[in-house]
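For reference, structure-v4.txt is printed below; it contains compact mmCIF, C-alpha atoms.
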# COMPACT_ATOMS: atom_id res chain seq x y z
CA MET A 15 -9.69 12.94 32.86
CA GLU A 16 -10.11 16.64 33.52
CA ASN A 17 -6.70 17.50 32.06
CA SER A 18 -7.23 15.53 28.85
CA THR A 19 -6.62 17.40 25.63
CA VAL A 20 -7.97 16.79 22.17
CA SER A 21 -5.52 17.57 19.36
CA PHE A 22 -6.07 16.72 15.72
CA TYR A 23 -2.30 16.37 15.21
CA PHE A 24 0.60 14.51 16.77
CA ASN A 25 4.11 15.95 16.76
CA LEU A 26 6.98 13.56 15.91
CA THR A 27 9.75 14.99 18.08
CA MET A 28 12.72 12.71 17.31
CA PHE A 29 13.65 14.33 13.98
CA MET A 30 17.03 16.01 14.44
CA ASN A 31 18.09 19.23 12.78
CA ILE A 32 20.87 18.04 10.46
CA GLY A 33 21.00 21.18 8.32
CA HIS A 34 21.96 20.66 4.68
CA TYR A 35 22.54 16.94 5.33
CA HIS A 36 18.81 16.28 5.12
CA TYR A 37 19.11 16.23 1.31
CA PRO A 38 21.72 13.42 1.24
CA ALA A 39 19.67 11.62 3.90
CA PHE A 40 16.58 11.94 1.71
CA VAL A 41 18.41 10.59 -1.35
CA PHE A 42 19.86 7.68 0.63
CA CYS A 43 16.47 6.70 2.08
CA LEU A 44 14.81 7.08 -1.33
CA LEU A 45 17.39 4.73 -2.88
CA LEU A 46 16.90 2.32 0.00
CA TYR A 47 13.14 2.33 -0.49
CA SER A 48 13.61 1.88 -4.26
CA PHE A 49 15.85 -1.14 -3.63
CA ILE A 50 13.29 -2.68 -1.26
CA VAL A 51 10.51 -2.26 -3.82
CA SER A 52 12.52 -3.52 -6.79
CA ALA A 53 14.10 -6.49 -4.96
CA ASN A 54 10.87 -7.74 -3.44
CA LEU A 55 8.88 -7.17 -6.63
CA THR A 56 11.50 -9.21 -8.49
CA MET A 57 11.06 -12.07 -6.04
CA ILE A 58 7.27 -11.98 -6.39
CA ILE A 59 7.33 -11.83 -10.20
CA ILE A 60 9.82 -14.69 -10.48
CA ILE A 61 7.78 -16.93 -8.18
CA LEU A 62 4.54 -16.10 -10.03
CA ARG A 63 6.04 -16.65 -13.49
CA GLU A 64 7.95 -19.89 -12.92
CA LYS A 65 5.69 -22.91 -12.52
CA THR A 66 8.54 -24.89 -10.95
CA LEU A 67 8.42 -22.44 -8.04
CA HIS A 68 4.73 -22.98 -7.33
CA GLU A 69 5.58 -24.87 -4.16
CA PRO A 70 4.64 -23.99 -0.55
CA LEU A 71 8.17 -22.87 0.31
CA TYR A 72 8.36 -20.33 -2.52
CA ILE A 73 4.77 -19.21 -2.01
CA PHE A 74 5.60 -18.33 1.59
CA ILE A 75 8.74 -16.51 0.44
CA ALA A 76 6.51 -14.48 -1.90
CA PHE A 77 4.32 -13.67 1.10
CA LEU A 78 7.39 -12.32 2.91
CA SER A 79 8.11 -10.07 -0.08
CA VAL A 80 4.49 -8.87 -0.22
CA ASN A 81 4.65 -8.09 3.48
CA ALA A 82 7.93 -6.22 3.00
CA LEU A 83 6.30 -4.02 0.35
CA TYR A 84 3.30 -3.49 2.63
CA GLY A 85 5.33 -2.47 5.68
CA SER A 86 7.81 -0.32 3.75
CA THR A 87 5.01 1.54 1.98
CA GLY A 88 3.41 2.23 5.34
CA PHE A 89 6.60 3.86 6.58
CA PHE A 90 8.85 5.30 3.86
CA PRO A 91 6.58 7.78 1.98
CA ARG A 92 5.71 9.66 5.16
CA PHE A 93 9.29 9.43 6.46
CA LEU A 94 10.69 10.85 3.20
CA MET A 95 8.27 13.78 3.41
CA ASP A 96 9.36 14.50 6.98
CA LEU A 97 13.03 14.51 5.99
CA LEU A 98 12.37 17.50 3.72
CA SER A 99 10.01 19.28 6.11
CA ASP A 100 10.76 21.68 8.94
CA THR A 101 7.66 20.61 10.88
CA HIS A 102 6.70 17.03 11.66
CA PHE A 103 3.02 17.06 12.49
CA ILE A 104 0.85 14.12 11.50
CA SER A 105 -2.93 13.98 11.74
CA ARG A 106 -4.55 11.56 14.16
CA PRO A 107 -6.18 9.43 11.40
CA ALA A 108 -2.89 9.22 9.46
CA CYS A 109 -1.01 8.38 12.66
CA PHE A 110 -3.30 5.50 13.61
CA ILE A 111 -3.29 4.19 10.04
CA GLN A 112 0.51 4.13 10.14
CA ILE A 113 0.41 2.34 13.49
CA TYR A 114 -1.97 -0.24 12.09
CA VAL A 115 0.13 -0.86 8.97
CA ILE A 116 3.47 -1.10 10.79
CA TYR A 117 2.21 -3.36 13.58
CA THR A 118 0.32 -5.68 11.25
CA TYR A 119 3.49 -5.84 9.15
CA VAL A 120 5.44 -6.95 12.24
CA PHE A 121 2.90 -9.65 13.15
CA TYR A 122 2.54 -10.84 9.54
CA GLU A 123 6.30 -11.30 9.42
CA LEU A 124 6.21 -13.47 12.53
CA THR A 125 3.27 -15.63 11.42
CA ILE A 126 4.76 -16.14 7.93
CA LEU A 127 8.10 -17.17 9.41
CA SER A 128 6.19 -19.57 11.67
CA ILE A 129 4.37 -21.34 8.84
CA MET A 130 7.61 -21.45 6.84
CA ALA A 131 9.27 -23.16 9.81
CA TYR A 132 6.44 -25.69 9.94
CA ASP A 133 6.72 -26.29 6.18
CA ARG A 134 10.46 -26.99 6.48
CA TYR A 135 9.86 -29.22 9.51
CA VAL A 136 7.47 -31.40 7.53
CA ALA A 137 9.79 -31.44 4.50
CA VAL A 138 12.81 -32.61 6.49
CA CYS A 139 11.32 -34.70 9.29
CA HIS A 140 8.45 -36.27 7.28
CA PRO A 141 9.64 -36.18 3.63
CA LEU A 142 7.51 -39.14 2.49
CA HIS A 143 4.34 -37.42 3.71
CA TYR A 144 5.27 -33.89 2.64
CA HIS A 145 2.98 -33.60 -0.38
CA ARG A 146 0.09 -35.13 1.56
CA LYS A 147 0.48 -32.85 4.57
CA MET A 148 1.39 -29.67 2.67
CA ASN A 149 -1.38 -29.87 0.05
CA SER A 150 -3.34 -26.95 -1.36
CA LYS A 151 -5.92 -27.07 1.44
CA THR A 152 -3.20 -26.86 4.10
CA VAL A 153 -1.52 -23.95 2.33
CA TYR A 154 -4.85 -22.08 2.17
CA ILE A 155 -5.49 -22.68 5.88
CA LEU A 156 -1.99 -21.56 6.86
CA THR A 157 -2.30 -18.50 4.63
CA PHE A 158 -5.62 -17.59 6.23
CA PHE A 159 -4.06 -18.04 9.65
CA ALA A 160 -1.01 -15.91 8.77
CA TRP A 161 -2.97 -12.93 7.42
CA VAL A 162 -6.40 -12.86 9.05
CA CYS A 163 -5.67 -13.71 12.69
CA PRO A 164 -3.12 -10.89 13.24
CA THR A 165 -5.47 -8.51 11.43
CA CYS A 166 -8.36 -9.26 13.80
CA TYR A 167 -6.21 -9.14 16.92
CA LEU A 168 -4.48 -5.87 16.06
CA THR A 169 -7.74 -4.24 14.96
CA VAL A 170 -9.08 -4.74 18.48
CA CYS A 171 -5.83 -3.44 20.01
CA ILE A 172 -5.73 -0.31 17.85
CA ILE A 173 -9.38 0.47 18.59
CA MET A 174 -8.59 0.37 22.31
CA VAL A 175 -5.64 2.73 21.85
CA VAL A 176 -7.72 5.14 19.74
CA ARG A 177 -10.28 5.45 22.54
CA LEU A 178 -7.70 6.51 25.15
CA PRO A 179 -7.97 10.06 26.53
CA LEU A 180 -4.65 11.82 25.88
CA CYS A 181 -2.81 14.49 27.86
CA GLY A 182 -0.35 15.53 25.17
CA ASN A 183 0.50 15.13 21.49
CA ASN A 184 4.31 14.75 21.39
CA ILE A 185 5.47 11.33 20.13
CA GLN A 186 9.15 10.61 20.82
CA LYS A 187 9.78 8.81 17.57
CA VAL A 188 10.13 9.43 13.82
CA TYR A 189 6.93 7.47 13.15
CA CYS A 190 3.75 6.72 15.04
CA ALA A 191 3.90 3.90 17.59
CA SER A 192 1.14 2.64 19.84
CA TRP A 193 3.21 2.46 23.05
CA ASN A 194 4.27 6.09 22.68
CA ILE A 195 0.61 7.10 22.42
CA VAL A 196 -0.24 4.92 25.42
CA LYS A 197 2.35 6.88 27.43
CA LEU A 198 0.41 10.06 26.57
CA SER A 199 -2.75 8.64 28.09
CA CYS A 200 -4.38 10.34 31.05
CA VAL A 201 -5.45 6.90 32.31
CA THR A 202 -2.80 5.57 34.69
CA ASN A 203 -4.33 2.19 35.55
CA ALA A 204 -5.82 0.94 32.31
CA LEU A 205 -6.43 -2.76 32.90
CA TYR A 206 -7.21 -3.49 29.27
CA LEU A 207 -3.83 -2.09 28.20
CA ILE A 208 -2.15 -4.51 30.60
CA VAL A 209 -4.20 -7.32 29.09
CA ILE A 210 -3.16 -6.28 25.56
CA SER A 211 0.51 -6.20 26.51
CA LEU A 212 0.25 -9.61 28.18
CA ALA A 213 -1.63 -11.12 25.24
CA THR A 214 0.91 -9.74 22.75
CA THR A 215 3.78 -11.15 24.78
CA ILE A 216 2.14 -14.57 24.98
CA LEU A 217 1.39 -14.67 21.23
CA ALA A 218 4.89 -13.55 20.27
CA SER A 219 6.44 -16.09 22.66
CA PHE A 220 4.28 -18.86 21.22
CA PHE A 221 5.31 -18.18 17.61
CA CYS A 222 8.98 -17.72 18.49
CA GLY A 223 8.88 -20.95 20.50
CA LEU A 224 7.28 -22.75 17.55
CA ILE A 225 10.04 -21.56 15.20
CA LEU A 226 12.80 -22.54 17.63
CA TYR A 227 11.22 -25.96 18.24
CA THR A 228 10.84 -26.82 14.55
CA HIS A 229 14.39 -25.75 13.74
CA LEU A 230 15.71 -27.80 16.65
CA ARG A 231 13.85 -30.86 15.31
CA ILE A 232 15.31 -30.17 11.86
CA VAL A 233 18.84 -30.06 13.24
CA ILE A 234 18.28 -33.31 15.17
CA ALA A 235 16.82 -35.03 12.08
CA CYS A 236 19.71 -33.88 9.89
CA TRP A 237 22.28 -35.00 12.41
CA LYS A 238 20.88 -38.53 12.29
CA SER A 239 21.04 -38.67 8.48
CA SER A 240 24.53 -38.06 7.12
CA GLU A 241 23.32 -38.32 3.49
CA VAL A 242 21.46 -35.00 3.43
CA ARG A 243 22.94 -33.33 6.51
CA GLY A 244 25.25 -30.89 4.75
CA LYS A 245 22.77 -29.73 2.12
CA VAL A 246 19.84 -29.35 4.51
CA LEU A 247 21.82 -27.50 7.16
CA GLN A 248 23.30 -25.19 4.54
CA SER A 249 19.90 -24.42 3.03
CA CYS A 250 18.46 -23.82 6.53
CA ILE A 251 20.65 -20.75 6.88
CA PRO A 252 18.19 -18.32 5.13
CA HIS A 253 15.41 -19.16 7.59
CA VAL A 254 17.71 -18.88 10.59
CA ILE A 255 19.07 -15.53 9.37
CA SER A 256 15.58 -14.13 8.68
CA PHE A 257 14.26 -15.20 12.06
CA LEU A 258 17.29 -13.93 14.01
CA ILE A 259 17.11 -10.57 12.22
CA TYR A 260 13.40 -10.31 12.97
CA LEU A 261 13.91 -11.28 16.60
CA PHE A 262 16.81 -8.88 17.16
CA THR A 263 15.20 -5.86 15.48
CA SER A 264 11.78 -6.38 17.11
CA LEU A 265 13.17 -6.87 20.59
CA SER A 266 15.44 -3.84 20.18
CA ASP A 267 12.50 -1.61 19.28
CA ALA A 268 10.33 -3.04 22.07
CA ALA A 269 13.08 -2.47 24.63
CA LEU A 270 13.73 1.04 23.33
CA SER A 271 10.06 1.99 23.68
CA ARG A 272 10.22 1.27 27.42
CA GLN A 273 13.30 3.43 28.03
CA ASN A 274 13.64 7.10 28.94
CA LEU A 275 14.62 8.41 25.51
CA LYS A 276 15.81 11.75 26.90
CA LYS A 277 18.84 10.00 28.37
CA ILE A 278 19.81 8.28 25.10
CA ASN A 279 21.58 9.76 22.08
CA PRO A 280 18.85 10.78 19.58
CA PHE A 281 20.83 9.34 16.68
CA VAL A 282 21.01 5.95 18.42
CA VAL A 283 17.27 6.10 19.15
CA ILE A 284 16.44 6.76 15.50
CA ILE A 285 18.71 3.98 14.19
CA VAL A 286 17.39 1.37 16.63
CA SER A 287 13.75 2.33 16.05
CA LEU A 288 14.13 2.03 12.27
CA GLU A 289 15.83 -1.37 12.22
CA PHE A 290 12.73 -3.56 12.07
CA VAL A 291 11.11 -1.59 9.21
CA ILE A 292 14.30 -1.44 7.12
CA ILE A 293 16.58 -4.43 7.71
CA PRO A 294 14.19 -7.38 7.08
CA PRO A 295 12.76 -5.96 3.80
CA VAL A 296 16.34 -5.37 2.58
CA VAL A 297 17.96 -8.60 3.79
CA ASN A 298 15.22 -11.19 3.12
CA PRO A 299 15.24 -10.98 -0.73
CA LEU A 300 19.05 -11.04 -0.70
CA VAL A 301 19.23 -14.06 1.62
CA TYR A 302 16.56 -16.14 -0.12
CA GLY A 303 17.38 -14.99 -3.64
CA LEU A 304 21.09 -15.73 -3.39
CA LYS A 305 20.98 -18.79 -1.13
CA LEU A 306 18.19 -20.94 -2.62
CA PRO A 307 19.45 -22.52 -5.89
CA GLU A 308 16.16 -22.37 -7.81
CA LEU A 309 15.55 -18.70 -7.04
CA ARG A 310 19.18 -17.81 -7.67
CA LYS A 311 19.11 -19.48 -11.07
CA HIS A 312 16.07 -17.51 -12.22
CA ILE A 313 17.41 -14.23 -10.81
CA PHE A 314 20.70 -14.68 -12.66
CA LYS A 315 18.77 -15.58 -15.79
CA ILE A 316 16.77 -12.34 -15.62
CA LEU A 317 19.91 -10.31 -14.96
CA CYS A 318 21.79 -12.15 -17.74
CA LEU A 319 24.55 -13.00 -15.30
CA LYS A 320 24.51 -16.73 -15.79
CA PRO A 321 23.15 -19.04 -18.50
CA GLN A 322 20.36 -21.40 -17.56
CA THR A 323 21.68 -24.79 -16.54
CA LYS A 324 20.04 -28.18 -16.69
CA LYS A 325 18.44 -29.51 -13.57
CA ILE A 326 20.33 -32.19 -11.68
CA SER A 327 18.16 -35.07 -10.54
CA CYS A 328 18.29 -36.01 -6.89
CA THR A 329 17.31 -39.10 -5.03
CA LEU A 330 15.09 -37.09 -2.71
CA PRO A 331 12.40 -34.59 -3.72
CA GLU A 332 13.72 -31.04 -3.97
CA SER A 333 11.18 -29.83 -1.42
CA THR A 334 12.79 -32.07 1.19
CA LEU A 335 16.26 -30.68 0.58
CA ILE A 336 15.73 -26.96 0.04
CA MET A 337 15.06 -25.14 3.25

Transcribe the structure of this file into structure tokens.
Amino acid sequence: MENSTVSFYFNLTMFMNIGHYHYPAFVFCLLLYSFIVSANLTMIIIILREKTLHEPLYIFIAFLSVNALYGSTGFFPRFLMDLLSDTHFISRPACFIQIYVIYTYVFYELTILSIMAYDRYVAVCHPLHYHRKMNSKTVYILTFFAWVCPTCYLTVCIIMVVRLPLCGNNIQKVYCASWNIVKLSCVTNALYLIVISLATTILASFFCGLILYTHLRIVIACWKSSEVRGKVLQSCIPHVISFLIYLFTSLSDAALSRQNLKKINPFVVIIVSLEFVIIPPVVNPLVYGLKLPELRKHIFKILCLKPQTKKISCTLPESTLIM
């Protein structure tokens, strides 16, 4: 405790000196951020405007887009400023706000994917009871669960990190991350930090297990019914892709945070650490917008790429066939 230091700023040390290339890098990242905003806003507007899309599945997809805008806005503006700056100091309040936004974004993504998996499980495995089980009340409860519970949990975690005495101010990343600040702590045996890490691991494992279980049940149900097997399995691809991307990018960043970054190529460190705040917001609107027929039809209609076609009636409700 005696060697603890109080600094109003943190220094983000992983920004490399790329000379004149920082201007092309800035333009590229600005275009990337613009695409994320425009693509996800398009998804949200389409789902809000079209009454035929006011179904639980599309509502949850809109939540994914809202979360993508939330997480990207918490990262890109500051990152774009740092690309054009020679110094990379960030104030303590701004740093902890960025930590809060990015980590809530990560947990929101997981909880939304979990309730989407449950929605698809009910639609495929219990199609006759879908509208009874996934009514407005259920959607409200799941929405509350997806947004409020991670908020409360992470608020407690961030408060604990804020109270840590620090013996340094250098963060080995291009954005603020809680584990990097924990490594600056003068407290070597912080029991509550161990509890936080354990609780986070248990929660993440529970949600991932829930998603894997529901998709396994969906595959088993489809395999028993040859009538809808092809269509359901094909439409399940967007959810599988979104979950695998989330799982890969999150685990990569978590594993990277526990490594000795001085022994790893800085360029590799930056790329791996940015995956989970860039890839899902870019890929999700593309996967859902191009793969789900109803969304694709309205997107093409807005872009004037394809005339509106008449709906084809099916023997089963659309909600039971579209994953």

Using all atoms listed in the file for the distances, tell me which of A:Leu270, A:Leu94, A:Ile58, A:Ile216 is nearest to Pro38 of chain A.
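Checking each of A:Leu270, A:Leu94, A:Ile58, A:Ile216 against Pro38 of chain A, counting all atoms listed in the file, the winner is A:Leu94.
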
For atom CA of Thr228 of chain A and atom CA of Ala131 of chain A, quote the distance in Å rounded to one decimal.
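Computing the Euclidean distance for atom CA of Thr228 of chain A and atom CA of Ala131 of chain A yields 6.2 Å.
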
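Rounded to one decimal, atom CA of Ile113 of chain A and atom CA of Leu288 of chain A lie 13.8 Å from each other.
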
List every protein, DNA or RNA residue that has at least one atom no more than 9 Å from (2.9, 16.1, 18.0) in the file's coordinates, counting only C-alpha atoms, and write the result as a JSON list (two decimals) with C-alpha atoms, in the coordinates of the input.
[["chain", "number", "residue", "atom", "x", "y", "z"],
["A", 21, "SER", "CA", -5.52, 17.57, 19.36],
["A", 23, "TYR", "CA", -2.30, 16.37, 15.21],
["A", 24, "PHE", "CA", 0.60, 14.51, 16.77],
["A", 25, "ASN", "CA", 4.11, 15.95, 16.76],
["A", 26, "LEU", "CA", 6.98, 13.56, 15.91],
["A", 27, "THR", "CA", 9.75, 14.99, 18.08],
["A", 102, "HIS", "CA", 6.70, 17.03, 11.66],
["A", 103, "PHE", "CA", 3.02, 17.06, 12.49],
["A", 104, "ILE", "CA", 0.85, 14.12, 11.50],
["A", 105, "SER", "CA", -2.93, 13.98, 11.74],
["A", 182, "GLY", "CA", -0.35, 15.53, 25.17],
["A", 183, "ASN", "CA", 0.50, 15.13, 21.49],
["A", 184, "ASN", "CA", 4.31, 14.75, 21.39],
["A", 185, "ILE", "CA", 5.47, 11.33, 20.13],
["A", 186, "GLN", "CA", 9.15, 10.61, 20.82]]

Find the residues near Ala53 of chain A: any atom within 12 Å, counting only C-alpha atoms, skip ones fewer than 3 places away on the same chain, and give them as a VMD selection string.
chain A and resid 45 to 50 56 to 60 76 78 to 80 82 to 83 295 to 304 313

Can you measure atom CA of Leu212 of chain A to atom CA of Gly85 of chain A for me? One decimal in Å is fine.
24.1 Å

Please provide the set of residues having any atom within 9 Å of Asp267 of chain A, restricted to only C-alpha atoms, with same-chain residues fewer than 2 positions apart removed, written as a CSV table (one decimal) with C-alpha atoms, keeping the file's coordinate frame.
chain,number,residue,atom,x,y,z
A,262,PHE,CA,16.8,-8.9,17.2
A,263,THR,CA,15.2,-5.9,15.5
A,264,SER,CA,11.8,-6.4,17.1
A,265,LEU,CA,13.2,-6.9,20.6
A,269,ALA,CA,13.1,-2.5,24.6
A,270,LEU,CA,13.7,1.0,23.3
A,271,SER,CA,10.1,2.0,23.7
A,272,ARG,CA,10.2,1.3,27.4
A,286,VAL,CA,17.4,1.4,16.6
A,287,SER,CA,13.8,2.3,16.0
A,288,LEU,CA,14.1,2.0,12.3
A,289,GLU,CA,15.8,-1.4,12.2
A,290,PHE,CA,12.7,-3.6,12.1

Which of these, A:Ile129, A:Leu168, A:Leu62, A:Ile293, has the shortest distance to Tyr154 of chain A once you count all atoms listed in the file?
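Closest to Tyr154 of chain A, using all atoms listed in the file: A:Ile129.
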
Counting only C-alpha atoms, which residue out of A:Ile285, A:Ile73, A:Leu98, A:Met148 sits closest to Leu309 of chain A?
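Using only C-alpha atoms, Leu309 of chain A sits closest to A:Ile73.
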
Just want the 6 Å neighbourhood of Cys200 of chain A, counted on only C-alpha atoms, with same-chain residues fewer than 5 positions away dropped. Output as a list in words.
Pro179, Leu180 and Cys181 of chain A

Of the candidates A:Leu226, A:Ile75, A:Ile210, A:Val188, which shows the shortest atom-to-atom distance to Val283 of chain A, using all atoms listed in the file?
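Comparing A:Leu226, A:Ile75, A:Ile210, A:Val188 against Val283 of chain A, the winner is A:Val188.
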
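Candidate residues A:Val233, A:Val115, A:Leu71, A:Ile126 were compared for distance to Phe221 of chain A, and the nearest is A:Ile126, using all atoms listed in the file.
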
Using all atoms listed in the file: which of A:Lys65, A:His229, A:Arg146, A:Lys315 has the shortest distance to Ile251 of chain A
A:His229
